[in-house]
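The file query.tsv comes next; it holds TSV, C-alpha atoms.
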chain	number	residue	atom	x	y	z
R	1	MET	CA	0.00	0.00	0.00
R	2	ALA	CA	1.30	3.44	-0.88
R	3	SER	CA	2.43	5.47	2.13
R	4	THR	CA	2.29	9.17	2.81
R	5	ARG	CA	4.98	11.26	4.44
R	6	ARG	CA	2.86	11.22	7.58
R	7	ASP	CA	2.81	7.39	7.56
R	8	PHE	CA	6.57	7.35	7.13
R	9	LEU	CA	7.08	9.71	10.06
R	10	ARG	CA	4.74	7.68	12.24
R	11	SER	CA	6.61	4.46	11.59
R	12	ALA	CA	9.96	6.17	11.94
R	13	PHE	CA	9.10	7.52	15.39
R	14	GLY	CA	9.06	3.99	16.69
R	15	ALA	CA	12.40	3.03	15.17
R	16	SER	CA	15.32	2.74	17.57
R	17	ALA	CA	17.52	4.52	15.04
R	18	PHE	CA	15.80	7.77	15.93
R	19	VAL	CA	15.51	7.36	19.70
R	20	SER	CA	18.75	9.27	20.15
R	21	LEU	CA	17.30	12.36	18.47
R	22	ALA	CA	20.38	12.61	16.27
R	23	PRO	CA	20.66	16.16	14.89
R	24	GLY	CA	20.55	14.92	11.30
R	25	ALA	CA	17.49	12.72	11.81
R	26	PRO	CA	14.83	15.28	10.77
R	27	ALA	CA	16.55	15.90	7.43
R	28	VAL	CA	16.85	12.16	6.83
R	29	LEU	CA	13.18	11.65	7.70
R	30	CYS	CA	12.08	14.45	5.40
R	31	ARG	CA	14.14	13.26	2.43
R	32	ALA	CA	12.98	9.65	2.83
R	33	ALA	CA	9.36	10.70	3.21
R	34	GLN	CA	9.61	12.90	0.12
R	35	ALA	CA	10.86	9.91	-1.85
R	36	ALA	CA	7.94	7.80	-0.60
R	37	ARG	CA	5.45	10.55	-1.46
R	38	ARG	CA	6.39	10.70	-5.14
R	39	SER	CA	4.38	7.56	-5.87
R	40	ALA	CA	1.86	7.86	-3.04
R	41	THR	CA	-1.86	8.52	-3.08
R	42	THR	CA	-2.25	10.99	-0.26
R	43	ASP	CA	-4.93	12.85	1.64
R	44	THR	CA	-7.31	15.41	0.24
R	45	VAL	CA	-7.07	19.04	1.38
R	46	LEU	CA	-9.75	21.69	1.93
R	47	VAL	CA	-8.95	25.42	1.74
R	48	VAL	CA	-11.68	27.61	3.26
R	49	LEU	CA	-11.74	31.23	2.07
R	50	GLN	CA	-13.79	33.74	4.06
R	51	LEU	CA	-15.12	36.85	2.28
R	52	SER	CA	-15.65	39.21	5.22
R	53	GLY	CA	-18.47	41.72	5.21
R	54	GLY	CA	-21.24	40.09	3.20
R	55	ASN	CA	-20.41	39.70	-0.48
R	56	ASP	CA	-22.93	41.02	-3.01
R	57	GLY	CA	-23.64	37.79	-4.85
R	58	LEU	CA	-25.89	39.54	-7.37
R	59	ASN	CA	-23.00	41.59	-8.72
R	60	THR	CA	-20.63	38.62	-8.49
R	61	VAL	CA	-22.69	36.10	-10.45
R	62	VAL	CA	-24.80	38.65	-12.28
R	63	PRO	CA	-28.39	37.91	-13.44
R	64	TYR	CA	-27.90	40.42	-16.25
R	65	ALA	CA	-30.96	39.28	-18.23
R	66	ASP	CA	-33.36	39.51	-15.29
R	67	ASP	CA	-35.58	42.59	-15.54
R	68	ALA	CA	-36.02	42.70	-11.77
R	69	TYR	CA	-32.25	43.04	-11.38
R	70	GLY	CA	-32.02	45.86	-13.93
R	71	ARG	CA	-34.94	47.79	-12.42
R	72	SER	CA	-33.59	47.50	-8.87
R	73	ARG	CA	-30.03	48.72	-9.49
R	74	ARG	CA	-29.94	52.06	-11.19
R	75	THR	CA	-26.21	52.73	-10.68
R	76	LEU	CA	-24.85	49.26	-9.88
R	77	ARG	CA	-26.45	47.12	-12.57
R	78	LEU	CA	-24.23	45.31	-15.03
R	79	GLY	CA	-25.44	44.50	-18.50
R	80	ALA	CA	-24.80	41.79	-21.07
R	81	SER	CA	-21.92	43.75	-22.57
R	82	ASP	CA	-20.24	44.13	-19.15
R	83	VAL	CA	-20.12	40.58	-17.83
R	84	HIS	CA	-18.22	37.43	-18.70
R	85	ARG	CA	-21.17	35.33	-19.80
R	86	ILE	CA	-21.90	31.99	-18.19
R	87	ASP	CA	-25.12	31.48	-20.16
R	88	ALA	CA	-28.04	33.47	-21.56
R	89	ARG	CA	-29.00	34.72	-18.08
R	90	LEU	CA	-25.93	34.84	-15.87
R	91	GLY	CA	-22.38	36.16	-16.07
R	92	PHE	CA	-19.36	36.88	-13.88
R	93	HIS	CA	-18.55	40.43	-12.81
R	94	PRO	CA	-16.25	42.14	-15.36
R	95	ALA	CA	-13.35	42.04	-12.85
R	96	MET	CA	-13.58	38.24	-12.65
R	97	LYS	CA	-12.15	37.16	-15.99
R	98	ALA	CA	-9.81	34.73	-14.24
R	99	PHE	CA	-12.78	33.05	-12.52
R	100	TRP	CA	-14.60	32.84	-15.83
R	101	LYS	CA	-11.60	31.04	-17.36
R	102	LEU	CA	-11.53	28.56	-14.45
R	103	TYR	CA	-15.24	28.02	-14.99
R	104	GLN	CA	-14.70	27.37	-18.70
R	105	GLU	CA	-12.00	24.81	-17.86
R	106	GLY	CA	-14.26	22.93	-15.44
R	107	GLU	CA	-12.20	23.88	-12.38
R	108	LEU	CA	-14.80	26.17	-10.78
R	109	SER	CA	-18.29	25.40	-9.50
R	110	VAL	CA	-20.90	27.93	-8.37
R	111	ILE	CA	-23.33	26.75	-5.70
R	112	GLN	CA	-26.23	29.18	-5.96
R	113	GLY	CA	-28.68	30.41	-3.32
R	114	VAL	CA	-26.74	29.34	-0.21
R	115	GLY	CA	-27.80	30.49	3.26
R	116	TYR	CA	-29.95	29.22	6.12
R	117	PRO	CA	-33.49	29.72	7.49
R	118	ASN	CA	-34.20	32.86	9.49
R	119	SER	CA	-30.63	34.01	9.02
R	120	SER	CA	-29.20	36.93	10.93
R	121	ARG	CA	-28.47	40.14	9.08
R	122	SER	CA	-26.00	41.45	11.64
R	123	HIS	CA	-22.33	40.79	10.95
R	124	ASP	CA	-21.21	39.22	14.21
R	125	PRO	CA	-24.16	36.86	14.77
R	126	ALA	CA	-24.25	35.86	11.09
R	127	MET	CA	-20.53	35.18	10.93
R	128	ARG	CA	-20.73	33.23	14.17
R	129	ASP	CA	-23.53	31.10	12.67
R	130	TRP	CA	-21.34	30.23	9.68
R	131	HIS	CA	-18.31	29.63	11.91
R	132	THR	CA	-20.06	27.37	14.41
R	133	ALA	CA	-22.54	25.77	11.97
R	134	ARG	CA	-24.93	26.01	14.93
R	135	PRO	CA	-27.20	28.97	14.07
R	136	GLY	CA	-28.76	30.58	17.10
R	137	GLU	CA	-26.59	28.73	19.63
R	138	ALA	CA	-24.86	31.71	21.19
R	139	ALA	CA	-23.23	29.53	23.86
R	140	CYS	CA	-21.42	27.31	21.35
R	141	GLN	CA	-17.68	27.60	22.04
R	142	THR	CA	-16.27	25.60	19.13
R	143	GLY	CA	-16.19	26.15	15.39
R	144	TRP	CA	-17.17	23.58	12.78
R	145	ILE	CA	-13.58	23.21	11.58
R	146	GLY	CA	-12.32	22.98	15.16
R	147	ARG	CA	-14.75	20.14	15.86
R	148	ALA	CA	-13.72	18.41	12.65
R	149	ILE	CA	-10.06	18.67	13.69
R	150	ASP	CA	-10.85	17.31	17.16
R	151	ARG	CA	-12.47	14.28	15.53
R	152	SER	CA	-9.81	13.73	12.89
R	153	ASP	CA	-7.18	11.00	13.09
R	154	ARG	CA	-4.46	12.67	15.13
R	155	SER	CA	-2.61	9.50	16.10
R	156	GLY	CA	0.53	10.66	14.33
R	157	ALA	CA	2.67	13.10	16.30
R	158	ALA	CA	3.59	14.88	13.08
R	159	ASP	CA	0.01	15.87	12.33
R	160	VAL	CA	-1.32	19.41	12.58
R	161	PRO	CA	-4.71	18.90	10.91
R	162	GLY	CA	-5.64	22.59	10.49
R	163	VAL	CA	-3.91	25.94	9.99
R	164	PHE	CA	-4.96	29.59	9.60
R	165	VAL	CA	-2.88	31.68	7.21
R	166	GLY	CA	-3.40	35.44	7.45
R	167	PRO	CA	-2.84	38.67	9.38
R	168	ILE	CA	-6.15	38.87	11.28
R	169	ALA	CA	-7.10	37.13	14.53
R	170	THR	CA	-7.68	33.40	14.17
R	171	PRO	CA	-11.29	32.93	12.99
R	172	PHE	CA	-13.77	31.35	15.39
R	173	ALA	CA	-14.42	28.49	12.95
R	174	LEU	CA	-11.05	27.05	14.03
R	175	ASN	CA	-11.86	27.02	17.76
R	176	ALA	CA	-11.37	23.45	18.97
R	177	GLU	CA	-11.94	21.75	22.30
R	178	LYS	CA	-8.75	19.70	22.27
R	179	ALA	CA	-6.54	20.65	19.35
R	180	VAL	CA	-4.42	23.77	19.03
R	181	VAL	CA	-4.73	25.31	15.55
R	182	PRO	CA	-1.69	27.43	14.65
R	183	ALA	CA	-1.88	30.77	12.85
R	184	LEU	CA	0.80	31.75	10.32
R	185	ARG	CA	1.55	34.75	8.16
R	186	SER	CA	4.00	32.95	5.90
R	187	ALA	CA	5.57	29.53	5.44
R	188	ASN	CA	8.72	30.85	7.11
R	189	ASP	CA	6.81	30.77	10.41
R	190	TRP	CA	6.96	26.97	10.22
R	191	THR	CA	10.74	26.79	9.99
R	192	LEU	CA	13.15	26.84	12.92
R	193	ARG	CA	15.91	29.37	13.34
R	194	ALA	CA	19.34	28.36	12.14
R	195	GLY	CA	21.21	26.47	14.81
R	196	ALA	CA	18.06	25.59	16.75
R	197	GLU	CA	18.32	21.83	16.24
R	198	PRO	CA	18.83	19.61	19.30
R	199	ALA	CA	22.41	19.66	20.50
R	200	ASN	CA	24.25	16.64	21.84
R	201	THR	CA	23.53	17.58	25.46
R	202	PRO	CA	23.10	15.54	28.65
R	203	VAL	CA	19.39	16.55	28.65
R	204	ARG	CA	18.87	15.11	25.17
R	205	GLU	CA	20.75	11.97	26.09
R	206	ALA	CA	18.70	11.58	29.28
R	207	ILE	CA	15.46	11.85	27.26
R	208	ALA	CA	16.76	9.23	24.85
R	209	ARG	CA	17.66	6.84	27.69
R	210	ALA	CA	14.26	7.30	29.33
R	211	ALA	CA	12.48	6.75	26.01
R	212	SER	CA	14.36	3.49	25.49
R	213	HIS	CA	12.86	2.24	28.79
R	214	GLY	CA	9.27	2.98	27.80
R	215	ASN	CA	8.80	6.28	29.65
R	216	PRO	CA	5.51	7.68	28.18
R	217	LEU	CA	6.40	11.33	28.78
R	218	ALA	CA	9.85	10.90	27.24
R	219	ASP	CA	8.30	9.03	24.31
R	220	HIS	CA	5.95	11.96	23.72
R	221	VAL	CA	8.79	14.48	23.93
R	222	ARG	CA	10.89	12.38	21.57
R	223	THR	CA	8.22	11.91	18.90
R	224	SER	CA	7.02	15.51	19.12
R	225	THR	CA	10.55	16.86	18.85
R	226	VAL	CA	11.50	14.69	15.90
R	227	ALA	CA	8.19	15.60	14.23
R	228	ALA	CA	8.77	19.30	14.74
R	229	TYR	CA	12.26	19.25	13.30
R	230	ALA	CA	11.26	16.96	10.44
R	231	ALA	CA	8.34	19.25	9.54
R	232	SER	CA	10.60	22.29	9.73
R	233	ARG	CA	13.09	20.64	7.39
R	234	CYS	CA	10.33	19.68	4.95
R	235	VAL	CA	9.03	23.26	4.82
R	236	ALA	CA	12.59	24.61	4.49
R	237	GLU	CA	13.20	22.33	1.52
R	238	VAL	CA	10.02	23.53	-0.17
R	239	LEU	CA	10.96	27.17	0.50
R	240	ARG	CA	14.30	26.64	-1.18
R	241	ASP	CA	12.37	25.81	-4.33
R	242	ALA	CA	9.86	28.63	-3.85
R	243	ASP	CA	11.11	30.44	-6.94
R	244	ARG	CA	9.84	27.51	-8.99
R	245	VAL	CA	6.20	27.98	-7.97
R	246	GLY	CA	3.76	29.67	-10.29
R	247	GLU	CA	3.51	33.40	-10.67
R	248	TYR	CA	1.21	35.07	-8.13
R	249	PRO	CA	-0.09	38.65	-8.39
R	250	PRO	CA	1.15	41.17	-5.77
R	251	LEU	CA	-2.01	40.90	-3.66
R	252	GLY	CA	-2.60	40.04	-0.01
R	253	LEU	CA	-4.85	37.08	-0.73
R	254	ALA	CA	-2.43	35.80	-3.36
R	255	ALA	CA	0.39	35.86	-0.80
R	256	ALA	CA	-1.70	33.86	1.67
R	257	LEU	CA	-2.63	31.30	-0.98
R	258	LYS	CA	0.99	31.02	-2.09
R	259	THR	CA	1.88	30.14	1.52
R	260	VAL	CA	-0.89	27.53	1.52
R	261	ALA	CA	0.45	26.07	-1.74
R	262	LEU	CA	3.96	25.83	-0.28
R	263	LEU	CA	2.68	24.05	2.84
R	264	ILE	CA	0.60	21.67	0.72
R	265	ARG	CA	3.76	20.75	-1.17
R	266	ALA	CA	5.53	20.09	2.14
R	267	ASP	CA	2.85	17.43	2.81
R	268	LEU	CA	2.74	17.88	6.58
R	269	GLY	CA	-0.62	16.17	7.04
R	270	ILE	CA	-2.57	19.44	7.17
R	271	ARG	CA	-6.10	18.69	5.94
R	272	ILE	CA	-7.77	22.11	6.33
R	273	TYR	CA	-6.43	25.59	5.64
R	274	PHE	CA	-8.32	28.81	6.36
R	275	VAL	CA	-7.62	32.14	4.63
R	276	GLU	CA	-9.51	35.44	4.52
R	277	LEU	CA	-10.24	38.36	2.20
R	278	GLY	CA	-11.75	41.61	3.40
R	279	GLY	CA	-9.86	42.33	6.60
R	280	GLY	CA	-11.97	40.53	9.20
R	281	GLY	CA	-14.51	42.20	11.47
R	282	ILE	CA	-17.20	44.01	9.48
R	283	GLY	CA	-15.02	43.48	6.43
R	284	GLY	CA	-14.41	45.16	3.12
R	285	PHE	CA	-17.34	43.44	1.38
R	286	ASP	CA	-19.78	45.50	3.48
R	287	ASN	CA	-20.51	48.04	0.74
R	288	HIS	CA	-23.34	50.24	1.96
R	289	ALA	CA	-22.11	53.17	-0.12
R	290	ASN	CA	-20.13	53.69	-3.32
R	291	GLN	CA	-20.00	49.97	-3.89
R	292	ARG	CA	-18.96	49.78	-7.54
R	293	ALA	CA	-15.20	50.46	-7.38
R	294	ASN	CA	-14.54	48.82	-4.00
R	295	HIS	CA	-16.43	45.66	-4.88
R	296	ALA	CA	-14.69	45.42	-8.24
R	297	ALA	CA	-11.26	45.64	-6.57
R	298	LEU	CA	-12.11	42.88	-4.09
R	299	LEU	CA	-13.54	40.61	-6.77
R	300	ALA	CA	-10.47	41.12	-8.93
R	301	GLN	CA	-8.25	40.16	-5.99
R	302	LEU	CA	-10.41	37.09	-5.30
R	303	SER	CA	-10.47	35.99	-8.93
R	304	GLU	CA	-6.81	36.54	-9.76
R	305	SER	CA	-5.50	35.09	-6.49
R	306	VAL	CA	-7.56	31.90	-6.64
R	307	ALA	CA	-6.72	31.43	-10.33
R	308	ALA	CA	-2.98	31.75	-9.59
R	309	PHE	CA	-3.35	29.20	-6.77
R	310	VAL	CA	-5.17	26.77	-9.07
R	311	ARG	CA	-2.60	27.18	-11.87
R	312	ASP	CA	0.26	26.64	-9.42
R	313	LEU	CA	-1.18	23.43	-7.94
R	314	LYS	CA	-2.21	22.12	-11.34
R	315	ARG	CA	1.27	22.51	-12.79
R	316	ALA	CA	2.77	20.86	-9.70
R	317	GLY	CA	0.35	17.92	-9.97
R	318	TRP	CA	-1.51	18.63	-6.74
R	319	LEU	CA	-4.81	20.12	-7.89
R	320	ASP	CA	-6.73	16.84	-7.82
R	321	ARG	CA	-6.09	16.67	-4.07
R	322	VAL	CA	-7.33	20.18	-3.26
R	323	VAL	CA	-10.68	21.97	-3.10
R	324	LEU	CA	-10.97	25.67	-2.24
R	325	MET	CA	-14.36	26.79	-0.87
R	326	THR	CA	-15.50	30.39	-0.35
R	327	PHE	CA	-18.17	31.70	1.99
R	328	SER	CA	-19.50	35.04	3.21
R	329	GLU	CA	-21.81	35.72	6.16
R	330	PHE	CA	-24.70	36.88	3.95
R	331	GLY	CA	-25.54	38.31	0.55
R	332	ARG	CA	-26.98	41.75	-0.21
R	333	THR	CA	-30.33	43.28	-1.01
R	334	VAL	CA	-31.63	43.33	-4.58
R	335	GLY	CA	-32.35	47.06	-4.55
R	336	GLU	CA	-29.86	49.86	-4.03
R	337	ASN	CA	-30.10	51.89	-0.84
R	338	GLY	CA	-29.83	55.44	-2.21
R	339	ARG	CA	-26.11	55.71	-1.49
R	340	ARG	CA	-24.96	53.68	-4.49
R	341	GLY	CA	-24.58	50.69	-2.25
R	342	THR	CA	-26.52	47.68	-0.97
R	343	ASP	CA	-27.62	46.48	2.45
R	344	HIS	CA	-27.44	43.17	4.30
R	345	GLY	CA	-29.27	40.31	2.63
R	346	ALA	CA	-29.46	36.54	2.84
R	347	ALA	CA	-28.72	34.11	-0.05
R	348	ALA	CA	-25.37	34.28	-1.84
R	349	PRO	CA	-23.25	32.00	-4.04
R	350	VAL	CA	-20.48	29.74	-2.73
R	351	PHE	CA	-17.56	29.03	-5.06
R	352	LEU	CA	-15.59	25.81	-5.26
R	353	ALA	CA	-12.28	25.54	-7.12
R	354	GLY	CA	-10.34	22.33	-7.70
R	355	GLY	CA	-9.37	19.56	-10.05
R	356	ARG	CA	-12.04	16.94	-9.29
R	357	LEU	CA	-15.20	19.03	-9.47
R	358	ARG	CA	-18.18	18.67	-11.77
R	359	GLY	CA	-17.81	22.34	-12.55
R	360	GLY	CA	-20.65	24.59	-13.65
R	361	LEU	CA	-23.71	25.85	-11.81
R	362	ILE	CA	-25.05	23.88	-8.84
R	363	GLY	CA	-28.69	24.65	-8.08
R	364	ARG	CA	-30.90	27.38	-9.45
R	365	HIS	CA	-30.41	31.12	-9.16
R	366	PRO	CA	-32.66	32.50	-6.39
R	367	SER	CA	-35.77	34.42	-7.38
R	368	LEU	CA	-35.49	38.22	-7.55
R	369	THR	CA	-39.24	38.73	-7.17
R	370	ASP	CA	-40.01	36.38	-4.26
R	371	LEU	CA	-37.97	38.24	-1.67
R	372	ASP	CA	-37.50	38.44	2.09
R	373	GLN	CA	-37.05	42.09	3.11
R	374	ASN	CA	-35.70	43.00	-0.34
R	375	ALA	CA	-33.25	40.09	-0.37
R	376	PRO	CA	-33.20	36.78	-2.30
R	377	LYS	CA	-34.21	33.78	-0.21
R	378	PRO	CA	-31.75	30.90	0.22
R	379	HIS	CA	-32.73	27.45	-0.98
R	380	THR	CA	-29.54	25.52	-0.09
R	381	ASP	CA	-28.55	25.31	3.58
R	382	PHE	CA	-24.87	26.13	4.03
R	383	ARG	CA	-24.50	23.06	6.25
R	384	ARG	CA	-25.14	20.91	3.17
R	385	VAL	CA	-22.03	22.49	1.66
R	386	TYR	CA	-20.07	21.77	4.83
R	387	ALA	CA	-21.38	18.18	4.90
R	388	THR	CA	-20.25	17.73	1.30
R	389	MET	CA	-16.74	18.83	2.13
R	390	LEU	CA	-16.56	16.80	5.35
R	391	ASP	CA	-18.13	13.54	4.16
R	392	ARG	CA	-17.23	13.34	0.50
R	393	TRP	CA	-13.97	15.25	0.36
R	394	LEU	CA	-12.19	14.94	3.70
R	395	GLY	CA	-13.72	11.62	4.74
R	396	PHE	CA	-14.89	12.92	8.12
R	397	ASP	CA	-18.24	12.22	9.80
R	398	SER	CA	-20.26	15.39	9.21
R	399	ARG	CA	-23.06	14.34	11.56
R	400	ALA	CA	-20.78	14.50	14.57
R	401	VAL	CA	-19.42	17.87	13.50
R	402	LEU	CA	-22.72	19.49	12.43
R	403	ASN	CA	-24.91	17.88	15.11
R	404	GLY	CA	-27.27	16.54	12.46
R	405	ALA	CA	-27.53	14.91	9.05
R	406	TYR	CA	-27.32	17.19	6.00
R	407	ARG	CA	-27.59	15.73	2.52
R	408	PRO	CA	-24.36	16.32	0.55
R	409	LEU	CA	-24.46	18.08	-2.79
R	410	ASP	CA	-23.46	16.49	-6.08
R	411	VAL	CA	-20.39	18.59	-6.82
R	412	PHE	CA	-17.63	16.05	-7.57
R	413	ALA	CA	-16.91	14.48	-10.92
Let me see whether you can do it: turn the structure in this file into structure tokens.
Amino acid sequence: MASTRRDFLRSAFGASAFVSLAPGAPAVLCRAAQAARRSATTDTVLVVLQLSGGNDGLNTVVPYADDAYGRSRRTLRLGASDVHRIDARLGFHPAMKAFWKLYQEGELSVIQGVGYPNSSRSHDPAMRDWHTARPGEAACQTGWIGRAIDRSDRSGAADVPGVFVGPIATPFALNAEKAVVPALRSANDWTLRAGAEPANTPVREAIARAASHGNPLADHVRTSTVAAYAASRCVAEVLRDADRVGEYPPLGLAAALKTVALLIRADLGIRIYFVELGGGGIGGFDNHANQRANHAALLAQLSESVAAFVRDLKRAGWLDRVVLMTFSEFGRTVGENGRRGTDHGAAAPVFLAGGRLRGGLIGRHPSLTDLDQNAPKPHTDFRRVYATMLDRWLGFDSRAVLNGAYRPLDVFA
């Protein structure tokens, strides 16, 4: 059976050759595991991308042929000549040419009309609902990803199942009961300082002697230490080849996704990555006034960054193992608000990018005449999207994570 780098590290931790914590052991482990990985079938990876502030789905996937859309948006409407056409009714925002190309190549899916019943239209409660996947449970102290990580197979000391990459505070979705989810700004944060490897000291030798006699605490220290140095060496080796990765635009989201791509290549056993666009808090997608230019800039950053990430992984042969999923706490109203902006809504699209997707549109576009307080109604519960990623992509039990059964969507080829 093919083995992953994680499997190699797990087996190596028990080998007497590494009990002594020899300074060169991490490099040896990393090189051997890299050789094993070249022919291995390894784990799938989920990248979750938060669009903070409530993205205007109607000017992202634009119903340009819908009269109700045109009548409701005097200054913000986009016509047939503006959009990148998906079909005779819908098109991508003009700043999203890169997304349109991914869509044409079958590497992008659009799940339409996503939300949840009686959804909140306030930023903090709505974001908390998406982060916990427990709408209305204000006392919930864990996020859906945190619970998934707690329930994942963490028997290998080398495993860190989830990571946040970005400059804002760690999102609540990653709150776990047992696991500690690290936050990084770049892949360099995973590497150790030069000269920080274990020295040949009496303390190290004492740990090695204790481990050889079955001391559980010493065993834990030994395996954790070897894992840390091996992971650091693996990341360092990938960073040395960083100039070979694909070209990324000079954008904040692109930098975060480049870090994710580097860590994926290091194959550290990380199953879930979380990144963010919009700045956290209320977020840059909250366009109550003068929406046109700001929204266009954010959508261009989203489109170009994700496309660069997909191209990079595809060229490196990793795209079939990765799915990127976007979400935002709510959509926007159909009508403008008099300040050339839109207000908080409900339903919005979720995007999936990857190499093993069906591609295309998933579900129908929500009605623009049957509204709830001037906003399109959702028809696909966001927990169905989560269940799809947990059950069918990561191989986790979504019922334990989501506290209920949600029917997965047919999104994979």
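Between CA of Thr132 in chain R and CA of Ser152 in chain R there is a distance of 17.1 Å.
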Which is closest to Gln301 in chain R among R:Leu251, R:Val114, R:Leu352, R:Leu268, if we use only C-alpha atoms? R:Leu251
So that each row is one residue of range 291-342 of chain R with an atom at most 10 Å from range 374-378 of chain R, can you give its shortest atom pair and the distance in Å to one decimal, using only C-alpha atoms, rows by chain and rising number, as a tab-separated table?
residue	atom	partner	partner_atom	distance
R:Phe330	CA	R:Pro378	CA	10.0
R:Gly331	CA	R:Ala375	CA	8.0
R:Arg332	CA	R:Ala375	CA	6.5
R:Thr333	CA	R:Ala375	CA	4.4
R:Val334	CA	R:Ala375	CA	5.6
R:Gly335	CA	R:Asn374	CA	6.7
R:Glu336	CA	R:Asn374	CA	9.7
Give me the residues near Leu324 in chain R as a ChimeraX atom specification, where near means some atom within 9 Å (using all atoms listed in the file) and where sequence neighbours in that chain fewer than 4 positions away do not count. /R:45-49,306,351-354
Residues near Ala95 in chain R, cut-off 10 Å, all atoms listed in the file, skip fewer than 2 positions along chain, as a list of chain:residue names: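 The contact residues come out as R:Thr60, R:Asp82, R:Val83, R:His84, R:Phe92, R:His93, R:Lys97, R:Ala98, R:Phe99, R:Trp100, R:His295, R:Ala296, R:Ala297, R:Leu298, R:Leu299, R:Ala300, R:Gln301, R:Leu302, R:Ser303, R:Glu304.
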List as a compact mmCIF listing (two decimals) with C-alpha atoms, in the coordinates of the input: which residues have an atom within 12 Å of (-24.5, 32.7, -5.9), counting all atoms listed in the file?
# COMPACT_ATOMS: atom_id res chain seq x y z
CA ASN R 55 -20.41 39.70 -0.48
CA ASP R 56 -22.93 41.02 -3.01
CA GLY R 57 -23.64 37.79 -4.85
CA LEU R 58 -25.89 39.54 -7.37
CA ASN R 59 -23.00 41.59 -8.72
CA THR R 60 -20.63 38.62 -8.49
CA VAL R 61 -22.69 36.10 -10.45
CA VAL R 62 -24.80 38.65 -12.28
CA PRO R 63 -28.39 37.91 -13.44
CA LEU R 90 -25.93 34.84 -15.87
CA GLY R 91 -22.38 36.16 -16.07
CA PHE R 92 -19.36 36.88 -13.88
CA HIS R 93 -18.55 40.43 -12.81
CA SER R 109 -18.29 25.40 -9.50
CA VAL R 110 -20.90 27.93 -8.37
CA ILE R 111 -23.33 26.75 -5.70
CA GLN R 112 -26.23 29.18 -5.96
CA GLY R 113 -28.68 30.41 -3.32
CA VAL R 114 -26.74 29.34 -0.21
CA GLY R 115 -27.80 30.49 3.26
CA THR R 326 -15.50 30.39 -0.35
CA PHE R 327 -18.17 31.70 1.99
CA SER R 328 -19.50 35.04 3.21
CA PHE R 330 -24.70 36.88 3.95
CA GLY R 331 -25.54 38.31 0.55
CA ARG R 332 -26.98 41.75 -0.21
CA ALA R 346 -29.46 36.54 2.84
CA ALA R 347 -28.72 34.11 -0.05
CA ALA R 348 -25.37 34.28 -1.84
CA PRO R 349 -23.25 32.00 -4.04
CA VAL R 350 -20.48 29.74 -2.73
CA PHE R 351 -17.56 29.03 -5.06
CA LEU R 352 -15.59 25.81 -5.26
CA GLY R 360 -20.65 24.59 -13.65
CA LEU R 361 -23.71 25.85 -11.81
CA ILE R 362 -25.05 23.88 -8.84
CA GLY R 363 -28.69 24.65 -8.08
CA ARG R 364 -30.90 27.38 -9.45
CA HIS R 365 -30.41 31.12 -9.16
CA PRO R 366 -32.66 32.50 -6.39
CA SER R 367 -35.77 34.42 -7.38
CA PRO R 376 -33.20 36.78 -2.30
CA LYS R 377 -34.21 33.78 -0.21
CA PRO R 378 -31.75 30.90 0.22
CA HIS R 379 -32.73 27.45 -0.98
CA THR R 380 -29.54 25.52 -0.09
CA PHE R 382 -24.87 26.13 4.03
Between CA of Pro250 in chain R and CA of Gly341 in chain R, what is the spacing in Å?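 Between CA of Gly341 in chain R and CA of Pro250 in chain R the gap works out to 27.7 Å.
Proximity to Leu402 in chain R at 8 Å, evaluated using all atoms listed in the file and with sequence-adjacent residues fewer than 3 positions away removed, yields Ala133, Arg134, Trp144, Arg383, Ala387, Ser398, Arg399 and Ala405 of chain R.
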State, in Å with one decimal place, the distance from CA of Leu409 in chain R to CA of Val385 in chain R.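 Atom-to-atom, CA of Leu409 in chain R to CA of Val385 in chain R, that is 6.7 Å.
Residue nearest Ile264 in chain R within the list R:Val323, R:Leu102, R:Ile168, R:Ala413: R:Val323 [criterion: smallest interatomic distance, only C-alpha atoms].
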Residue with the minimum atom-to-atom distance to Ala307 in chain R, picked from R:Arg73, R:Arg384, R:Arg356, R:Lys258 with only C-alpha atoms counted, is R:Lys258
May I have the residues within 12 Å of Arg147 in chain R as an MDAnalysis selection string, using all atoms listed in the file and disregarding those fewer than 5 positions away in the same chain? chainID R and resid 131:134 140:142 152 161:162 172:181 272 390 396:403
Of the candidates R:Glu329, R:Ile86, R:Leu368, R:Asp343, which one gets nearest to Pro135 in chain R if we count all atoms listed in the file?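 Checking each of R:Glu329, R:Ile86, R:Leu368, R:Asp343 against Pro135 in chain R, counting all atoms listed in the file, the winner is R:Glu329.
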